[in-house]
Structure formats: structure tokens, C-alpha cells
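File shown: my_file-v4.csv (CSV, C-alpha atoms).
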```
chain,number,residue,atom,x,y,z
A,738,MET,CA,148.6,27.4,33.5
A,739,HIS,CA,151.5,27.8,31.2
A,740,ALA,CA,154.8,29.5,31.8
A,741,ASP,CA,153.7,32.4,29.6
A,742,GLY,CA,150.7,33.1,31.9
A,743,THR,CA,148.1,31.7,29.6
A,744,SER,CA,145.8,29.0,30.7
A,745,HIS,CA,143.6,26.6,28.8
A,746,VAL,CA,140.3,27.0,30.6
A,747,HIS,CA,138.3,26.3,27.4
A,748,GLU,CA,140.2,23.2,26.6
A,749,HIS,CA,139.4,22.0,30.1
A,750,ASP,CA,135.7,22.6,29.4
A,751,LEU,CA,136.0,20.7,26.2
A,752,ASP,CA,137.7,17.9,28.1
A,753,HIS,CA,134.8,17.9,30.5
A,754,ASP,CA,132.3,17.5,27.6
A,755,HIS,CA,134.4,14.8,26.2
A,756,HIS,CA,134.3,13.0,29.5
A,757,ASN,CA,130.5,13.0,29.3
A,758,ASP,CA,130.8,11.3,25.9
A,759,HIS,CA,132.6,8.4,27.6
A,760,LYS,CA,129.3,6.6,28.1
A,761,ASP,CA,129.2,5.8,24.4
A,762,ASN,CA,132.6,4.1,24.7
A,763,ILE,CA,131.6,1.7,27.5
A,764,THR,CA,129.3,-1.1,26.5
A,765,ASP,CA,128.3,-4.5,27.7
A,766,VAL,CA,129.9,-7.3,25.7
A,767,GLY,CA,127.7,-8.4,22.8
A,768,ASP,CA,126.4,-4.9,22.2
A,769,HIS,CA,127.8,-4.2,18.8
A,770,SER,CA,126.8,-0.6,18.6
A,771,GLY,CA,130.4,0.2,17.8
A,772,TYR,CA,130.3,-1.4,14.3
A,773,THR,CA,133.0,-0.7,11.8
A,774,GLN,CA,132.5,2.5,9.8
A,775,THR,CA,132.7,2.5,6.0
A,776,GLY,CA,136.3,2.7,4.7
A,777,GLN,CA,137.7,1.0,7.7
A,778,THR,CA,139.0,-2.5,8.3
A,779,ARG,CA,138.7,-4.2,11.6
A,780,ILE,CA,141.6,-6.5,12.6
A,781,THR,CA,140.8,-9.1,15.2
A,782,ILE,CA,143.6,-9.4,17.8
A,783,LEU,CA,142.2,-11.1,20.9
A,784,GLU,CA,145.5,-10.7,22.7
A,785,ASN,CA,145.7,-10.8,26.5
A,786,LEU,CA,146.9,-7.4,27.7
A,787,LEU,CA,149.2,-9.0,30.2
A,788,SER,CA,150.7,-11.5,27.7
A,789,GLU,CA,154.0,-9.6,27.5
A,790,ASN,CA,154.2,-9.4,31.3
A,791,ASP,CA,153.3,-13.0,31.6
A,792,ARG,CA,155.9,-14.0,29.0
A,793,VAL,CA,158.6,-12.3,31.1
A,794,ALA,CA,157.1,-13.8,34.3
A,795,ASP,CA,157.4,-17.3,32.7
A,796,ASP,CA,161.1,-16.5,31.9
A,797,ASN,CA,161.6,-15.4,35.5
A,798,GLY,CA,159.9,-18.6,36.8
A,799,ARG,CA,162.2,-20.7,34.6
A,800,ARG,CA,165.3,-19.0,35.7
A,801,LEU,CA,164.3,-19.4,39.4
A,802,ALA,CA,163.4,-23.1,38.9
A,803,VAL,CA,166.7,-23.8,37.2
A,804,SER,CA,168.5,-22.2,40.1
A,805,GLY,CA,166.4,-24.2,42.6
A,806,VAL,CA,164.9,-21.1,44.0
A,807,CYS,CA,161.3,-20.9,45.2
A,808,ALA,CA,159.8,-17.4,44.9
A,809,VAL,CA,157.0,-16.1,47.0
A,810,ASN,CA,155.2,-12.9,46.1
A,811,LEU,CA,154.3,-11.0,49.3
A,812,MET,CA,151.5,-8.5,48.9
A,813,SER,CA,149.4,-6.3,51.2
A,814,SER,CA,148.0,-2.8,51.6
A,815,PRO,CA,150.5,-0.2,53.0
A,816,GLY,CA,151.2,-0.6,56.6
A,817,ALA,CA,149.7,-4.2,57.0
A,818,GLY,CA,153.1,-5.4,58.3
A,819,LYS,CA,154.9,-7.1,55.4
A,820,THR,CA,158.3,-5.8,56.4
A,821,THR,CA,157.9,-6.6,60.1
A,822,LEU,CA,156.8,-10.1,59.2
A,823,LEU,CA,159.6,-10.4,56.8
A,824,ARG,CA,162.2,-9.4,59.4
A,825,LYS,CA,160.7,-12.0,61.8
A,826,THR,CA,160.8,-14.6,59.0
A,827,LEU,CA,164.5,-13.9,58.3
A,828,GLU,CA,165.4,-14.1,62.0
A,829,LYS,CA,163.6,-17.4,62.3
A,830,LEU,CA,164.6,-19.1,59.0
A,831,GLY,CA,167.7,-17.2,57.9
A,832,ALA,CA,170.1,-19.6,59.5
A,833,SER,CA,168.7,-22.7,57.9
A,834,VAL,CA,167.3,-21.4,54.6
A,835,ARG,CA,169.2,-19.1,52.2
A,836,ILE,CA,166.7,-16.3,51.7
A,837,GLY,CA,166.9,-13.6,49.1
A,838,VAL,CA,164.7,-10.6,49.4
A,839,LEU,CA,163.5,-8.5,46.4
A,840,GLU,CA,162.1,-5.2,47.8
A,841,GLY,CA,159.7,-3.3,45.7
A,842,ASP,CA,159.5,0.2,46.8
A,843,ILE,CA,158.2,3.3,45.0
A,844,ALA,CA,161.1,5.5,45.7
A,845,THR,CA,163.1,4.6,48.8
A,846,SER,CA,165.2,1.8,50.4
A,847,LEU,CA,163.6,2.3,53.8
A,848,ASP,CA,162.1,-1.2,53.9
A,849,ALA,CA,165.3,-2.8,52.9
A,850,ASP,CA,167.1,-0.8,55.6
A,851,LYS,CA,164.8,-2.3,58.2
A,852,LEU,CA,165.8,-5.8,57.2
A,853,GLU,CA,169.5,-5.1,57.7
A,854,GLY,CA,171.2,-7.7,59.8
A,855,ALA,CA,168.1,-9.9,60.1
A,856,GLY,CA,169.6,-12.9,58.3
A,857,ALA,CA,168.9,-12.5,54.6
A,858,THR,CA,171.5,-13.9,52.3
A,859,ALA,CA,171.0,-11.1,49.8
A,860,ILE,CA,168.7,-8.1,49.3
A,861,SER,CA,167.8,-6.4,46.0
A,862,VAL,CA,165.8,-3.1,46.0
A,863,VAL,CA,163.7,-2.3,42.9
A,864,ASN,CA,162.4,1.2,42.8
A,865,THR,CA,159.3,1.3,40.7
A,866,SER,CA,159.3,5.1,40.1
A,867,ALA,CA,159.7,5.6,36.4
A,868,GLY,CA,158.9,9.2,35.5
A,869,PHE,CA,155.3,9.2,36.3
A,870,GLY,CA,155.3,9.3,40.1
A,871,GLY,CA,156.0,5.6,40.5
A,872,GLU,CA,154.2,2.4,39.6
A,873,CYS,CA,152.0,1.0,42.3
A,874,HIS,CA,153.1,-2.6,41.8
A,875,LEU,CA,156.0,-4.7,40.7
A,876,ASP,CA,155.7,-6.2,37.2
A,877,ALA,CA,157.7,-9.1,35.7
A,878,VAL,CA,160.2,-6.8,34.0
A,879,MET,CA,161.0,-5.0,37.3
A,880,VAL,CA,161.4,-8.3,39.0
A,881,GLN,CA,163.6,-9.6,36.2
A,882,SER,CA,166.0,-6.6,36.7
A,883,GLY,CA,165.9,-7.1,40.5
A,884,MET,CA,166.8,-10.8,40.1
A,885,GLU,CA,169.8,-9.9,38.0
A,886,ARG,CA,171.4,-8.4,41.1
A,887,LEU,CA,170.8,-11.5,43.2
A,888,PRO,CA,173.0,-14.5,43.5
A,889,LEU,CA,170.3,-17.0,42.6
A,890,PRO,CA,172.3,-20.2,42.8
A,891,GLU,CA,173.1,-19.3,46.4
A,892,LEU,CA,169.5,-19.0,47.4
A,893,ASP,CA,166.7,-21.4,48.3
A,894,LEU,CA,163.9,-19.0,48.8
A,895,LEU,CA,163.2,-15.6,47.2
A,896,ILE,CA,160.7,-13.4,49.0
A,897,ILE,CA,159.4,-10.6,46.7
A,898,GLU,CA,158.0,-7.8,48.8
A,899,ASN,CA,155.6,-6.1,46.5
A,900,VAL,CA,154.6,-2.4,46.7
A,901,GLY,CA,151.9,-1.8,49.4
A,902,ASN,CA,148.6,-1.8,47.5
A,903,LEU,CA,145.6,-4.0,47.5
A,904,VAL,CA,144.6,-3.6,43.8
A,905,CYS,CA,147.4,-3.6,41.2
A,906,PRO,CA,150.0,-6.1,42.4
A,907,ALA,CA,147.5,-8.9,42.2
A,908,GLU,CA,147.1,-8.4,38.4
A,909,PHE,CA,150.8,-8.8,37.6
A,910,ARG,CA,152.4,-12.2,37.8
A,911,VAL,CA,156.2,-11.9,38.3
A,912,GLY,CA,157.3,-15.5,38.1
A,913,GLU,CA,156.5,-16.5,41.6
A,914,TYR,CA,155.7,-20.0,42.8
A,915,ALA,CA,153.2,-18.9,45.4
A,916,ARG,CA,151.4,-15.8,46.5
A,917,ALA,CA,151.1,-14.6,50.1
A,918,MET,CA,149.0,-11.8,51.4
A,919,VAL,CA,149.4,-10.0,54.7
A,920,PHE,CA,146.2,-8.5,56.0
A,921,ALA,CA,146.0,-6.4,59.2
A,922,VAL,CA,142.9,-6.7,61.4
A,923,THR,CA,142.9,-2.9,61.6
A,924,GLU,CA,141.8,-2.8,57.9
A,925,GLY,CA,138.3,-4.0,58.5
A,926,GLU,CA,136.4,-7.2,57.9
A,927,GLU,CA,134.8,-6.1,54.5
A,928,LYS,CA,138.1,-5.9,52.7
A,929,PRO,CA,137.9,-9.3,50.9
A,930,LEU,CA,134.7,-8.1,49.2
A,931,LYS,CA,136.2,-4.7,48.3
A,932,TYR,CA,139.5,-6.1,47.0
A,933,PRO,CA,138.5,-9.6,45.6
A,934,VAL,CA,141.2,-9.7,43.0
A,935,MET,CA,143.9,-9.6,45.7
A,936,PHE,CA,142.2,-12.0,48.0
A,937,ARG,CA,141.5,-14.4,45.1
A,938,ALA,CA,145.2,-14.3,44.1
A,939,ALA,CA,146.5,-15.3,47.5
A,940,ASP,CA,147.5,-18.9,48.3
A,941,VAL,CA,147.8,-17.8,52.0
A,942,VAL,CA,146.4,-14.9,53.9
A,943,VAL,CA,148.4,-14.0,57.0
A,944,VAL,CA,146.0,-12.2,59.3
A,945,ASN,CA,148.4,-9.8,61.1
A,946,LYS,CA,148.2,-7.7,64.3
A,947,VAL,CA,145.8,-10.1,66.0
A,948,ASP,CA,147.3,-8.8,69.3
A,949,LEU,CA,145.2,-5.7,68.7
A,950,LEU,CA,141.9,-7.7,68.4
A,951,PRO,CA,140.8,-6.9,72.0
A,952,HIS,CA,140.9,-3.2,71.2
A,953,LEU,CA,139.0,-3.3,68.0
A,954,ASP,CA,135.5,-3.8,66.8
A,955,PHE,CA,136.9,-6.1,64.1
A,956,ASP,CA,134.5,-9.0,63.4
A,957,LEU,CA,136.8,-11.9,62.8
A,958,ASP,CA,134.1,-14.4,61.9
A,959,ALA,CA,132.7,-12.1,59.3
A,960,PHE,CA,136.1,-11.5,57.9
A,961,LEU,CA,136.9,-15.2,57.6
A,962,SER,CA,133.6,-15.9,55.9
A,963,ASN,CA,134.3,-13.0,53.5
A,964,VAL,CA,137.7,-14.6,52.7
A,965,THR,CA,136.0,-17.9,52.0
A,966,ALA,CA,133.4,-16.2,49.8
A,967,VAL,CA,136.0,-14.8,47.4
A,968,ASN,CA,138.6,-17.5,47.8
A,969,PRO,CA,137.5,-20.8,49.3
A,970,LYS,CA,141.0,-22.3,48.8
A,971,ALA,CA,143.0,-19.7,50.7
A,972,ARG,CA,144.9,-20.9,53.7
A,973,VAL,CA,144.5,-18.5,56.7
A,974,ILE,CA,147.2,-18.0,59.3
A,975,MET,CA,146.5,-15.9,62.4
A,976,ALA,CA,149.5,-13.9,63.4
A,977,SER,CA,151.2,-11.0,65.1
A,978,ALA,CA,154.5,-10.1,63.6
A,979,ARG,CA,155.0,-7.8,66.7
A,980,THR,CA,154.5,-10.5,69.3
A,981,GLY,CA,155.7,-13.4,67.2
A,982,GLU,CA,152.3,-15.2,67.3
A,983,GLY,CA,151.7,-17.3,64.2
A,984,VAL,CA,155.2,-16.7,62.8
A,985,ASP,CA,156.1,-20.3,63.2
A,986,GLU,CA,153.1,-21.4,61.3
A,987,TRP,CA,153.9,-18.9,58.5
A,988,CYS,CA,157.5,-20.1,58.4
A,989,ALA,CA,156.3,-23.7,58.2
A,990,TRP,CA,154.0,-22.7,55.3
A,991,LEU,CA,156.9,-21.0,53.5
A,992,ALA,CA,159.2,-24.0,54.1
A,993,ALA,CA,156.5,-26.3,52.8
A,994,GLN,CA,156.6,-24.5,49.5
A,995,GLY,CA,159.8,-26.5,48.9
A,996,PRO,CA,161.5,-28.9,47.9
A,997,LEU,CA,162.0,-25.5,46.4
A,998,THR,CA,162.2,-26.7,42.9
A,999,PRO,CA,158.9,-26.0,41.3
A,1000,THR,CA,158.3,-27.8,38.0
A,1001,LEU,CA,158.1,-25.7,34.9
A,1002,SER,CA,154.4,-26.4,34.5
A,1003,GLU,CA,153.7,-24.8,37.8
A,1004,VAL,CA,155.7,-21.7,37.3
B,185,MET,CA,147.8,4.1,38.2
B,186,HIS,CA,146.5,0.6,37.6
B,187,GLU,CA,144.5,1.9,34.6
B,188,LEU,CA,147.5,3.8,33.3
B,189,SER,CA,149.6,0.6,33.3
B,190,ILE,CA,146.8,-1.2,31.5
B,191,CYS,CA,146.5,1.6,28.9
B,192,ASN,CA,150.2,1.3,28.2
B,193,ALA,CA,149.7,-2.4,27.6
B,194,ILE,CA,146.7,-1.6,25.3
B,195,ALA,CA,148.7,1.0,23.4
B,196,SER,CA,151.7,-1.3,22.8
B,197,THR,CA,149.5,-4.2,21.8
B,198,ALA,CA,147.5,-2.1,19.3
B,199,ALA,CA,150.7,-0.4,17.9
B,200,LYS,CA,152.3,-3.8,17.4
B,201,HIS,CA,149.4,-5.0,15.3
B,202,ALA,CA,148.9,-1.7,13.5
B,203,GLU,CA,152.4,-1.7,12.1
B,204,GLY,CA,152.4,2.0,11.6
B,205,ARG,CA,149.0,2.1,9.9
B,206,PRO,CA,146.5,4.8,11.2
B,207,VAL,CA,144.2,3.3,13.9
B,208,THR,CA,140.7,4.8,14.4
B,209,GLN,CA,139.4,2.5,17.1
B,210,VAL,CA,140.8,0.1,19.7
B,211,THR,CA,138.3,-2.3,21.2
B,212,VAL,CA,139.1,-4.0,24.5
B,213,GLN,CA,137.2,-6.5,26.7
B,214,ILE,CA,137.4,-6.1,30.4
B,215,GLY,CA,135.9,-8.5,32.9
B,216,HIS,CA,134.0,-7.2,35.9
B,217,LEU,CA,136.3,-9.0,38.3
B,218,ARG,CA,139.3,-7.0,37.0
B,219,GLN,CA,138.7,-3.9,39.2
B,220,VAL,CA,139.2,-1.7,36.2
B,221,VAL,CA,137.2,1.6,36.4
B,222,PRO,CA,136.1,2.2,32.7
B,223,ASP,CA,136.0,6.0,33.1
B,224,ALA,CA,139.5,6.0,34.6
B,225,LEU,CA,140.7,3.8,31.7
B,226,LEU,CA,139.2,6.2,29.1
B,227,PHE,CA,140.9,9.1,30.9
B,228,SER,CA,144.2,7.3,31.0
B,229,TRP,CA,143.8,6.4,27.3
B,230,GLU,CA,143.6,10.1,26.4
B,231,VAL,CA,146.9,10.7,28.3
B,232,VAL,CA,148.7,7.6,27.0
B,233,SER,CA,147.5,7.7,23.3
B,234,SER,CA,148.1,11.5,22.9
B,235,THR,CA,151.8,11.0,22.8
B,236,THR,CA,151.8,8.1,20.3
B,237,ASP,CA,150.7,7.2,16.8
B,238,LEU,CA,147.4,6.2,18.4
B,239,LYS,CA,146.3,9.7,19.2
B,240,ASP,CA,143.3,9.6,16.9
B,241,ALA,CA,142.2,6.2,18.0
B,242,GLU,CA,139.1,5.9,20.2
B,243,LEU,CA,139.1,3.4,22.9
B,244,VAL,CA,135.9,1.2,23.2
B,245,ILE,CA,135.5,-0.9,26.3
B,246,GLU,CA,133.3,-4.0,26.3
B,247,GLN,CA,132.5,-5.0,29.8
B,248,VAL,CA,132.2,-8.7,30.5
B,249,PRO,CA,130.0,-9.8,33.4
B,250,ALA,CA,131.3,-12.3,36.0
B,251,VAL,CA,129.5,-15.6,35.5
B,252,VAL,CA,130.0,-18.8,37.6
B,253,GLU,CA,128.7,-22.3,37.0
B,254,CYS,CA,127.9,-24.4,40.1
B,255,LEU,CA,129.7,-27.7,40.1
B,256,ASP,CA,127.1,-29.2,42.5
B,257,CYS,CA,123.8,-28.2,41.0
B,258,GLY,CA,124.9,-26.9,37.5
B,259,ALA,CA,123.1,-23.6,37.8
B,260,ARG,CA,124.7,-20.5,36.3
B,261,THR,CA,124.9,-17.2,38.2
B,262,THR,CA,125.8,-13.8,37.0
B,263,LEU,CA,127.5,-12.1,39.9
B,264,ASP,CA,126.6,-8.6,41.2
B,265,LEU,CA,129.2,-8.9,43.9
B,266,PRO,CA,132.6,-10.5,43.7
B,267,ILE,CA,131.3,-13.4,45.9
B,268,LEU,CA,131.9,-16.6,44.0
B,269,SER,CA,128.8,-18.6,45.0
B,270,CYS,CA,125.8,-20.2,43.4
B,271,GLU,CA,122.6,-18.2,43.6
B,272,THR,CA,120.5,-21.4,43.4
B,273,CYS,CA,122.0,-23.7,46.0
B,274,GLU,CA,124.2,-21.1,47.8
B,275,GLY,CA,127.2,-23.3,47.5
B,276,PHE,CA,130.8,-22.2,46.9
B,277,ASN,CA,131.8,-25.0,44.7
B,278,VAL,CA,131.7,-23.0,41.5
B,279,LYS,CA,133.8,-22.6,38.3
B,280,LEU,CA,134.3,-19.1,36.9
B,281,LEU,CA,133.2,-18.9,33.3
B,282,SER,CA,133.8,-15.2,32.6
B,283,GLY,CA,134.8,-12.0,34.3
B,284,GLU,CA,138.6,-12.0,34.2
B,285,GLU,CA,138.9,-10.9,30.6
B,286,LEU,CA,141.6,-8.4,29.8
B,287,PHE,CA,141.9,-8.5,26.1
B,288,VAL,CA,142.5,-6.3,23.1
B,289,VAL,CA,139.7,-7.6,20.9
B,290,SER,CA,140.4,-5.6,17.7
B,291,ILE,CA,141.7,-2.5,16.0
B,292,ASP,CA,140.1,-0.6,13.2
B,293,LEU,CA,142.3,0.7,10.4
B,294,VAL,CA,141.6,3.2,7.7
B,295,ASP,CA,141.4,1.4,4.4
B,296,ALA,CA,144.4,2.3,2.1
```
The structure in this file should be written as C-alpha cells.
Amino acid sequence: MHADGTSHVHEHDLDHDHHNDHKDNITDVGDHSGYTQTGQTRITILENLLSENDRVADDNGRRLAVSGVCAVNLMSSPGAGKTTLLRKTLEKLGASVRIGVLEGDIATSLDADKLEGAGATAISVVNTSAGFGGECHLDAVMVQSGMERLPLPELDLLIIENVGNLVCPAEFRVGEYARAMVFAVTEGEEKPLKYPVMFRAADVVVVNKVDLLPHLDFDLDAFLSNVTAVNPKARVIMASARTGEGVDEWCAWLAAQGPLTPTLSEV
Amino acid sequence: MHELSICNAIASTAAKHAEGRPVTQVTVQIGHLRQVVPDALLFSWEVVSSTTDLKDAELVIEQVPAVVECLDCGARTTLDLPILSCETCEGFNVKLLSGEELFVVSIDLVDA
């Protein structure tokens, strides 16, 4: 509906028809029904869609390595407990390891506020909202701008708290050395099969809220075999950020990501 | 929103190679493991391309199946589910051959 009171119902109908045409635009690879029409030239590109993101991610990785900072990309669905785990991590490691936090948040600084006083050396908030309602992930350019507001030479470890989302963050490298995923047992044991890209991307899966297991029908064995099915190499840590269970093991994993100077080939 | 970001990347890659020449078709390859919904990608393309020089360009999506090769028995399996295992020996010691593609393959230009 436009301001002048007219609406474009017919256009909408056309759109709908167009939508049905989509089937012609989706083919299996090797099906060359979409051959070049006469009077046209096809230019082969074969360029990875994420190449620009990856180029900036490599730059970020180099800058971090030069400063001796190890970056960990922390991902999860909304509400899995990233921020609570992060606060516990800062309380535990903050005195011995200089930790910077880069908070990805669609529009607020609420998560960063929750970390206040927990022991971070520096916190940088990156809001991902850019006109269109807010990106659902951090990309390398956003992390680059967040890094500019951090005193990198004064840090040992940078924890990048991504936007809560099980799909998109996994696709975008940001220059991290390792990737960690927080999974809450309230999410259900089938999630690795539904969100394989995220589970495949993770070096470590922190299985959070295990203090709730007695109250849930969650099938832990099925979950663990689902994790193995999509990512046999993933380390799994059972934890409860609320009670503190597993936080030591998680912090030991984080600390083991040092000597905190990843070589350039690894970043 | 995932698809919208990917469309922005498709548009900028295509525009870079088109160098201002009119584009009629952009062909991309998307692997099955990428969790890209083709219909959502086409819808996003209409939104993204409409505001650019690519507004007359059609997006064609080639889907690439996920295929693994077993490092134990050598068999190849085309996956129906994102479970990276060998259909023949049921082992998990497999190498991914395809399924993670996210490429702009080509653009079609009108001959001058």
C-alpha cells in the first residue's frame, strides 16, 4: 500500500507467478539447460562468493598474529548461554590472561553490559544493524572495525561473541584461530543434523546447561553420536555456566589455544 | 538474511566482472551442505538486483550434491543427509569431495 492509497495487488500476483518460474532457475550441476542465448557472451568467473570476506578475514588474522593475540569465534543459537559462559571465563581467566571481547549484537549493548566488571581487559561492541534490520552474523569487515577499537598489543586472547544464530555465523570466517560453539541441552539432540554447517565449523562444542538434564527428555547419547556424525573431530565439553561445571575444562581448552601466536599458515 | 548476504556477494562479484556492461544472466554453484535455500536466494536476488545495474540479470542456481569418499574402503557416497559417513562400510573416515561450493560460475553479457 502506497502513501497515496493505491496498492499493487496485480504486481503482487505477477510476483507470485514469477515465483513459480523459479523452478527453471534451479538445476542440478551438469544440467546445461541454461545455455547461452544467441548474441550473448558467457564469461567464466569461478570466484568464491566469500573470497572478499575471506581476504579481510586473512588480514584480520595477520594483524592478530602480529600482535600475539589468539582469537576465538564463539557461536551459538540465541539463549544457549554464550554470554554467561563468557562472564564465567573472564572471572576465571581474566587475572592471568589479558582478554579482549568483541561483542556482536544486532542492535544493543546488553550483552556487553552483562560482562561489566568481570575481568575483561577491553570490550568492543559491534552492532550488525545496517539499514535492513540487522545482519544475523558477524563478517570479517565488522570484526575488522571492532578490532580497531581494541588495544591489540595489550591482549593475549580475543573472544569474538558472534550473533546468536545457528546458520549464518558459521559461513563467515572473521580471522579467528579457533571456533567454539555453545549448545544448550534444551535445544534438542537432533540439532547437529539440522545445523550441520555450524557443528562442522566448531573445533569445540560446549554442551551447556547440563544441570537441567534431570528435568529434560534430552537424549545425550543420541546428541553425542549426532555430533560425531557431522564432525568427528569436534572436542565436546560438558558444562553448566550457571553452576560452573565444566568451566575449568573450557578455560583449559581456551588457554591451550596458545602460545597465542598462531602461524600465518594457520590463520 | 543469510541468503540476502549471499546475494549481495553475488551482485558485487558479478558487477566487478561485468565492468558496467549489461548482464543477462548470473550463474552460481551452491553446494548442498551450504544450507542455502534456492527459492529464498532467488527471492533475495529480486530484491538485491532491482536496485543495481544487474536488475535485468536472471540468477541461475546450479546445485552441487554432497559427495564423500571413504578413506578406508574407497567407496563414494552421495549424501541425502548431512551425515558424513560411508554408505558402504558405514565408517566416518571420509573426505568431502563436493557439497561446499559457493561460487559465481559465469555471467552472460549482451554482445556489443
- Show which residues sit within 10 Å of A:Val834, as a PyMOL selection string. Count all atoms listed in the file, and ignore same-chain residues fewer than 5 positions away. chain A and resi 827+829+856-858+892-894+992
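If you count only C-alpha atoms and ignore residues fewer than 3 places along the chain from B:Val278, what sits within 9 Å of it is B:Val252, B:Glu253, B:Cys254, B:Leu255, B:Asp256, B:Gly258, B:Leu268, B:Ser269, B:Cys270, B:Gly275.
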- Residue contacts of A:Lys825 (9 Å, only C-alpha atoms) excluding same-chain residues fewer than 4 positions away, as a PyMOL selection string: chain A and resi 820-821+829-830+855+978-979+981+984
- Task: Counting only C-alpha atoms, collect the residues of chain A whose closest atom lies at most 7 Å from chain B, and write them out as a PyMOL selection string.
- Result: chain A and resi 759+762-766+776-786+872-873+905+930+933-934+966-967
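Distance-wise, atom CA of B:Ala250 and atom CA of B:Thr262 end up 5.8 Å apart.
Straight-line separation from atom CA of A:Glu927 to atom CA of A:Asn963: 7.0 Å.
As for atom CA of A:Ala938 and atom CA of A:Asp954, they are spaced 26.8 Å apart.
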- For A:Gly841, work out the shell of residues within 9 Å, counting all atoms listed in the file and skipping chain neighbours fewer than 4 positions away, then give it as a ChimeraX atom specification. /A:846,848,861-865,874-875,879-880,883,897-901
